[in-house]
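Below: the structure, in structure tokens.
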Amino acid sequence: MIAVRSIEFVGSSLDDLRAFPPSARREAGYQLDRVQHGLEPDDWKPMKTIGPGVQEIRVRDGKGAFRVIYVAKLGDAIYVLHCFQKKAQKTAGHDLHTAEVRYRDLLRGLR
């Protein structure tokens, strides 16, 4: 039996996730639950530009595209770095920067 891993929200990521529309929030929560149980999300991609092991969960609903950037390969927890609504085809630089800074801070704090 796989142990269920805890989820740690970094910075404002929990508040940002709570700001998602209800259906997107529910889907993001379901996908994070899959990760907690050792499964892959249904729709994801690696975010190697942010750091090794960082992944992005992709959620789409009637209100748009939403993203949850997390890392599950550090310690015993899953760290949610950033949650946001995607407004354009390409991820906004400030969203990538936010995730990068939180990832670096997380690494410093775990050492």
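Residues are referred to by chain and number: the chain letter is A, B, ... according to the order shown in the structure tokens, the number counts from 1 in that chain, and ligands are numbered separately from 1 in the order shown.
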**Request:** Write out as a ChimeraX atom specification all residues of chain A that backbone DSSP assigns to strand (DSSP E).
**Result:** /A:6-9,44-46,54-61,64-71,77-86
**Request:** Run DSSP on the backbone and grab whatever in region 32-96 of chain A lands in alpha helix (DSSP H); send it over as a ChimeraX atom specification.
**Result:** /A:32-36,93-96
**Request:** Determine, counting only C-alpha atoms, which protein, DNA and RNA residues have an atom within 8 Å of an atom of region 55-58 of chain A; residues of the same chain fewer than 4 positions away are not included. Present the result as a PyMOL selection string.
**Result:** chain A and resi 28+31+41+43-48+65-71
Write to file, as a compact mmCIF listing (two decimals), in the first residue's frame, the residues of the selection just made, with N, CA and C atoms.
# COMPACT_ATOMS: atom_id res chain seq x y z
N ALA A 28 -8.67 20.41 -9.89
CA ALA A 28 -7.28 20.55 -9.43
C ALA A 28 -7.08 19.74 -8.15
N GLN A 31 -6.82 16.08 -9.01
CA GLN A 31 -5.52 15.75 -9.61
C GLN A 31 -4.42 15.74 -8.55
N PRO A 41 -1.08 12.91 -12.65
CA PRO A 41 -2.30 13.63 -13.01
C PRO A 41 -2.74 13.21 -14.42
N ASP A 43 -3.65 15.20 -16.93
CA ASP A 43 -3.10 16.11 -17.94
C ASP A 43 -2.01 16.95 -17.28
N TRP A 44 -0.76 16.68 -17.65
CA TRP A 44 0.36 17.37 -17.03
C TRP A 44 1.51 17.49 -18.00
N LYS A 45 2.47 18.32 -17.63
CA LYS A 45 3.71 18.38 -18.40
C LYS A 45 4.85 18.75 -17.46
N PRO A 46 6.06 18.30 -17.78
CA PRO A 46 7.22 18.67 -16.95
C PRO A 46 7.56 20.14 -17.15
N MET A 47 8.04 20.76 -16.09
CA MET A 47 8.45 22.18 -16.13
C MET A 47 9.94 22.25 -15.79
N LYS A 48 10.76 21.68 -16.67
CA LYS A 48 12.20 21.59 -16.42
C LYS A 48 12.86 22.95 -16.31
N ALA A 65 -8.40 28.19 -18.74
CA ALA A 65 -7.33 27.24 -18.46
C ALA A 65 -6.67 27.62 -17.13
N PHE A 66 -6.45 26.61 -16.29
CA PHE A 66 -5.87 26.83 -14.98
C PHE A 66 -4.69 25.90 -14.82
N ARG A 67 -3.70 26.34 -14.04
CA ARG A 67 -2.48 25.57 -13.87
C ARG A 67 -2.10 25.47 -12.40
N VAL A 68 -1.55 24.31 -12.03
CA VAL A 68 -1.01 24.07 -10.70
C VAL A 68 0.41 23.55 -10.91
N ILE A 69 1.39 24.32 -10.47
CA ILE A 69 2.79 23.91 -10.60
C ILE A 69 3.24 23.36 -9.25
N TYR A 70 3.81 22.16 -9.29
CA TYR A 70 4.20 21.49 -8.05
C TYR A 70 5.47 20.67 -8.25
N VAL A 71 6.06 20.27 -7.14
CA VAL A 71 7.18 19.33 -7.18
C VAL A 71 6.89 18.24 -6.15
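Residue nearest Gly29 (chain A), chosen from A:Asp105, A:Leu74, A:Leu14, A:Gly53 and counting only C-alpha atoms: A:Leu14.
Using only C-alpha atoms for every distance, the candidate list A:Lys90, A:Pro21, A:Ile7, A:Arg60 yields A:Ile7 as the residue closest to Asp33 (chain A).
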**Message:** I need the residue nearest Gly109 (chain A) from this list: A:Ser6, A:His94, A:Gly38, A:Gly75. Use only C-alpha atoms for the distance.
**Reply:** A:Gly75
**Request:** Name all residues at most 9 Å from region 76-81 of chain A (count only C-alpha atoms; drop same-chain ones fewer than 4 positions away) and give them as a list in words.
**Result:** Arg5, Ser6, Ile7, Glu8, Phe9, Val10, Gly11, Ser12, Ser13, Leu14, Leu32, Val35, Gln36, Val68, Ile69, Tyr70, Val71, Ala72, Thr98, Ala99, Glu100, Arg102, Tyr103 and Leu106 of chain A
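Going from CA of Cys83 (chain A) over to CA of Ser23 (chain A), you cover 14.7 Å.
For the set A:Lys73, A:Ala92, A:Asp15, A:Lys87, the residue with the smallest atom-to-atom gap to Gly51 (chain A) is A:Lys73, counting only C-alpha atoms.
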